[in-house]
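Following: one structure in structure tokens, then a few remarks.
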Amino acid sequence: MTIEIGSAEPLGVEAVSDGLTGGGLNVAVFSAHASAIEFCAFDETGTHEIARYTLPGRTGPVFHGFIPGGLIPGLGLGTRYGLRAHGPWAPAQGHRFNPARLLLDPHARLIDRPFHLDPALFDAPDRAPSTTDDAALVPKAIVTPPLPAIPAGGRAAPFEWGAEPIYELHVRGFTRQHPDIPPALRGTFAGLAHPASLGYLKRLGVSAVELMPCMAWIDERHLPPLGLANYWGYNPVSFCAPDPRLAPGGWAEIRAAVATLQEAGIAVILDVVLNHTGESDGLGPTLSLRGLDHASWYRLAEDPAVLINDTGCGNTLALDRPHAVRLCMDALRGWVLLGGFDGFRFDLAPVLGRRANGFDPAAPLLTAIEQDPVLRTRVMIAEPWDIGPGGQQLGAFPPRWGEWNDHYRDVVRRFWRGDGGMIGELATRLAGSADIFANRPTSRSINFVAAHDGFTLADLVAYAAKHNLANGEQNRDGTDANWSWNNGVEGPTNDADIRRRRRADERALLATLLCSRGTPMLTMGDEAGRSQGGNNNAYAQDNPTTWFDWSAPDQAQIDFTARLIAIRRSSPALHDGVSLTDGTVAWLRADGTPMADADWHASPNTLIVLLHDDHRGVFLVLHAGQEALDVTLPEGGWDLLVDSAEPGRAGQASGNIRATPRSVLLLRQAPPPVQPCHSPSQSAPT
């Protein structure tokens, strides 16, 4: 019995069941420049290599072979394996082949352990490759069943654009310290699905969670010497396999957690990183794609020894090439069909559409996603910028996609910081950024004030500058363009008045966000006063700095946020995806008269808007001034729903209302009085 030619499809390793011969494994691996590819089987512990076979077949750039089940006892589902690639060691020409490196199959859907850096994983490009075998140091892929069939017609995502917020969270950080979740489940998908987690999300009222990356990742090489580890997960090695630290129960654990959230009416969106891998720059480790065909998978400069770095992470995937598009599509379909996810948020998304001559919204990968029967009904959200040429592409993605709107973030921050000349652009952002999202619903603007990358909401109003020394980079990392303020003292303080002002500023920012057209996004813990001590780039802080502190969340802020979310849901004027027109909006002065051109420059601290829809009008006052302001209300009765400065204030209002300094007021038109019901008159009996 010998290894056979096998098939070039499907890519990866597939268990083939055959009652006559006992079945076996079909192996297919892309490499345009290798001279040979080997399949290496390991024992059930993933420690000892028990067999190695050279794939005998080749179809174009795909090496393939069929390994009959009788060759190795137990060969089939559950087999642990790796790959080795033979070929030229010529870094100056872009080739980095070294058969001493055990490589992860790019199409593997499960691995047996997390990735950990080790000096033995590196080959210096200016010297001969190491001959030391690194198999004992790297995860082994596990053979899994094929993907399930595509559901008939797909399944529509339960997510409703605009009406309710997306809640960005980290699977590990959200539950790591939750006292009501069993310790064994904390930090995992099972912990996310625990009733304690679910109860909190339901209390808050979010309609979707956006999970930070869950694909198997590795630390950047500068972190272990600093005693740090990558926490965020934006450094993937495998696009198809989940990280075992987040899902020790594999796909079954993920699917159960996603289904639990969906049954509660919460869509689940996954943040994916397809723009680069954790193999980093030319000095990085060899783990998978680099060893299989470095020159084909990565964008290289005119000098093939140099990697193009449009991502800031050392390398950039060549996503305009067919094999790269195929890998990404197989990965995305797998997360939907195996995990049940409702959609994706794409990190550094311009890379997905970048050709050699620039960004193209009809680039191969974007086009493939939009026509795919599994993906075309799913939620798609772009982070529309990177550091490459033409890296700011806000508004350029396919019409049905949402996009993170950094213009919204910066304008709202600057307005509440007190910068002048902001109310004109603030009005545009509040109304849904129709200048950016032309010819599509304004709900595709993903509005946010804070995200995982940058200050938390609490730190935004408590720090005027970043404090990232804990990251070990002498505070050089992280942006300096924070548009933040500290209310008089940098960082923690016992001054009760400063603490009160900071909480009020947080509420004003939350109210602005949740009263703006678009789809709002909250970040884990911003509703509860979570601080990172001024660290605005906490990617390497897998510790209480970034974990949700369940011991003392600000319950009043949580309740305030939940009330805002409920009000937004019940007020179409706040979340309708249609652009505002003269008949649906009025911009007003404090005396109730319409704004004139000069008023947009004479009133730098206050924006007042009246929104109409088919139901009840909404009146919104954003007052960033330091003095109280009397505002004339439109005619009729009004219900005060929100006062961010005095969250307990409520009641009916008419005529005038006072806006306290640095506050948001939200009022809704009172319903018409109920008319008494009278019986038809009858003649008195004679």
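Chain labels run A, B, ... following the order of the structure tokens; each chain numbers its residues from 1, and ligands are numbered from 1 in the order shown.
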
> Among segment 148-390 of chain A, which ones does DSSP place in alpha helix (DSSP H), written as a PyMOL selection string?
Replying inline: chain A and resi 171-175+189-192+195-204+250-263+289-297+322-337+364-371

>> Quick one: residues within 7 Å of segment 596-607 of chain A, only C-alpha atoms, excluding same-chain residues fewer than 3 positions away - as a list in words?
In response: Gly420, Gly421, Met422, Ile423, Gly424, Val621, Leu622, His623, Ala624 and Gly625 of chain A

Go ahead and save the picked residues with N, CA and C atoms, as a short mmCIF file (atom, residue, chain, number, x, y, z; two decimals), in the first residue's frame.
```cif
data_model
loop_
_atom_site.label_atom_id
_atom_site.label_comp_id
_atom_site.auth_asym_id
_atom_site.auth_seq_id
_atom_site.Cartn_x
_atom_site.Cartn_y
_atom_site.Cartn_z
N GLY A 420 -13.15 75.20 18.91
CA GLY A 420 -14.08 76.06 18.19
C GLY A 420 -14.32 75.60 16.76
N GLY A 421 -15.39 76.13 16.17
CA GLY A 421 -15.69 75.90 14.77
C GLY A 421 -16.11 74.49 14.42
N MET A 422 -16.71 73.77 15.37
CA MET A 422 -17.03 72.37 15.12
C MET A 422 -18.49 72.10 14.84
N ILE A 423 -19.40 73.06 15.09
CA ILE A 423 -20.82 72.68 15.07
C ILE A 423 -21.33 72.37 13.67
N GLY A 424 -20.74 72.97 12.63
CA GLY A 424 -21.18 72.65 11.28
C GLY A 424 -20.90 71.19 10.94
N VAL A 621 -30.56 68.90 22.33
CA VAL A 621 -29.68 70.03 22.64
C VAL A 621 -28.32 69.47 23.05
N LEU A 622 -27.25 69.85 22.33
CA LEU A 622 -25.89 69.52 22.71
C LEU A 622 -25.21 70.82 23.10
N HIS A 623 -25.01 70.98 24.39
CA HIS A 623 -24.50 72.25 24.92
C HIS A 623 -23.17 72.01 25.62
N ALA A 624 -22.07 72.38 24.93
CA ALA A 624 -20.73 72.19 25.48
C ALA A 624 -20.20 73.43 26.18
N GLY A 625 -21.04 74.45 26.32
CA GLY A 625 -20.60 75.68 26.97
C GLY A 625 -20.45 75.52 28.47
#
```

>> From the options A:Glu44, A:Asp542, A:Asp271, A:Asp133, which residue's atoms come nearest to Arg84 of chain A, counting only C-alpha atoms?
In response: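 Looking at the shortest contact to Arg84 of chain A, the residue is A:Asp133.
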
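Considering only C-alpha atoms, the residue among A:Pro68, A:Gly418, A:Pro183, A:Gly162 positioned nearest to Thr442 of chain A is A:Gly162.
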
>> Among segment 356-435 of chain A, which residues does DSSP mark as strand (DSSP E or B) when it is run on the backbone? Keep the chain and numbering as in the structure and answer as a PyMOL selection string.
In response: chain A and resi 358-359+379-382+385+392+402-404

Dump as a short mmCIF file (atom, residue, chain, number, x, y, z; two decimals), in the first residue's frame, selection limited to C-alpha atoms:
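Contents of again-v1.cif, as written:
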```
data_model
loop_
_atom_site.label_atom_id
_atom_site.label_comp_id
_atom_site.auth_asym_id
_atom_site.auth_seq_id
_atom_site.Cartn_x
_atom_site.Cartn_y
_atom_site.Cartn_z
CA GLY A 358 -4.05 51.35 -5.73
CA PHE A 359 -7.36 50.69 -3.98
CA VAL A 379 -22.98 41.88 7.96
CA MET A 380 -19.77 43.39 6.55
CA ILE A 381 -17.95 46.25 8.28
CA ALA A 382 -14.68 47.85 7.17
CA TRP A 385 -7.85 52.90 6.66
CA GLN A 392 -7.85 56.44 3.88
CA GLY A 402 -20.77 49.50 7.20
CA GLU A 403 -17.59 51.46 7.84
CA TRP A 404 -15.94 52.72 11.01
#
```

>> Neighbouring residues of Asn26 of chain A were defined as those with any atom within 7 Å, considering only C-alpha atoms; residues of the same chain fewer than 2 positions away were excluded. Please report them as a list in words.
In response: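 After dropping sequence-adjacent residues, the list is Gly6, Ser7, Val13, Glu14, Ala15, Val16, Gly24, Ala28, Gly65, Phe66 and Ile67 of chain A.
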
Which residues of segment 215-259 of chain A come within 12 Å of segment 169-181 of chain A, and for each one, what is the closest pair of atoms and their distance in Å to one decimal, counting only C-alpha atoms, sorted by chain and residue number, as a tab-separated table?
```
residue	atom	partner	partner_atom	distance
A:Met215	CA	A:Val171	CA	11.9
A:Tyr231	CA	A:Arg172	CA	8.7
A:Trp232	CA	A:His170	CA	7.5
A:Gly233	CA	A:His170	CA	9.4
A:Tyr234	CA	A:His170	CA	11.7
A:Asp243	CA	A:Val171	CA	11.2
A:Pro244	CA	A:Arg172	CA	11.6
A:Arg245	CA	A:Arg172	CA	8.6
A:Leu246	CA	A:Arg172	CA	6.6
A:Ala247	CA	A:Val171	CA	9.5
A:Ile254	CA	A:Val171	CA	10.9
A:Ala257	CA	A:Val171	CA	10.9
A:Val258	CA	A:Val171	CA	11.8
```

>> Set the distance at 12 Å and use only C-alpha atoms: which residues neighbour Arg649 of chain A once local chain neighbours fewer than 6 positions away are removed? I'd like the list as number ranges by chain.
In response: A: 560, 639-643, 657-660, 664-667

>> Would you pick out the contacts of segment 570-575 of chain A at 9 Å or less, using only C-alpha atoms, so that residues sharing its chain but fewer than 2 positions from it are not included, and give the list as a PyMOL selection string?
In response: chain A and resi 161-164+431+442-443+514-519+565-568+577-578+584+611-618+668

Write the residues of the selection above to a file with C-alpha atoms, as a PDB file, in the first residue's frame.
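See out34.pdb below for the written result:
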```
ATOM      1  CA  TRP A 161     -28.627  48.427  11.169  1.00  0.00           C
ATOM      2  CA  GLY A 162     -28.982  51.657  13.112  1.00  0.00           C
ATOM      3  CA  ALA A 163     -31.595  50.845  15.731  1.00  0.00           C
ATOM      4  CA  GLU A 164     -29.322  49.481  18.459  1.00  0.00           C
ATOM      5  CA  ALA A 431     -27.272  63.536  10.821  1.00  0.00           C
ATOM      6  CA  THR A 442     -26.729  56.512   6.729  1.00  0.00           C
ATOM      7  CA  SER A 443     -26.930  53.525   9.089  1.00  0.00           C
ATOM      8  CA  LEU A 514     -26.689  57.201  20.932  1.00  0.00           C
ATOM      9  CA  CYS A 515     -28.647  60.172  19.583  1.00  0.00           C
ATOM     10  CA  SER A 516     -26.778  60.282  16.249  1.00  0.00           C
ATOM     11  CA  ARG A 517     -27.964  58.745  13.015  1.00  0.00           C
ATOM     12  CA  GLY A 518     -25.797  55.859  11.914  1.00  0.00           C
ATOM     13  CA  THR A 519     -25.050  52.638  13.769  1.00  0.00           C
ATOM     14  CA  ILE A 565     -30.304  52.467  24.123  1.00  0.00           C
ATOM     15  CA  ALA A 566     -33.961  51.780  24.887  1.00  0.00           C
ATOM     16  CA  ILE A 567     -34.924  55.346  23.949  1.00  0.00           C
ATOM     17  CA  ARG A 568     -32.992  55.075  20.684  1.00  0.00           C
ATOM     18  CA  GLY A 577     -31.211  55.252   7.761  1.00  0.00           C
ATOM     19  CA  VAL A 578     -32.665  57.836   5.369  1.00  0.00           C
ATOM     20  CA  THR A 584     -37.399  66.178   8.549  1.00  0.00           C
ATOM     21  CA  LEU A 611     -36.040  65.887  14.134  1.00  0.00           C
ATOM     22  CA  HIS A 612     -39.362  64.818  12.626  1.00  0.00           C
ATOM     23  CA  ASP A 613     -40.619  61.435  11.518  1.00  0.00           C
ATOM     24  CA  ASP A 614     -43.964  59.766  11.057  1.00  0.00           C
ATOM     25  CA  HIS A 615     -44.325  59.341  14.782  1.00  0.00           C
ATOM     26  CA  ARG A 616     -43.251  61.881  17.413  1.00  0.00           C
ATOM     27  CA  GLY A 617     -40.717  64.661  17.017  1.00  0.00           C
ATOM     28  CA  VAL A 618     -37.394  64.596  18.859  1.00  0.00           C
ATOM     29  CA  ARG A 668     -39.667  63.739  22.700  1.00  0.00           C
TER      30      ARG A 668
END
```

> Any idea what the distance is between atom CA of Ala36 of chain A and atom CA of Leu287 of chain A?
Replying inline: 17.3 Å

> Quick one: residues within 9 Å of Pro634 of chain A, only C-alpha atoms counted, chain neighbours fewer than 2 positions away excluded, as an MDAnalysis selection string?
Replying inline: chainID A and resid 592 610 619 632 636:638 654:656

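Near Pro441 of chain A, within 9 Å and counting only C-alpha atoms, sit Pro399, Arg400, Gly432, Ala434, Phe437, Ala438, Asn439, Ser443, Arg444, Ser445, Gly518, Asp576, Gly577, Val578 and Ser579 of chain A, not including residues fewer than 2 positions from it in the same chain.
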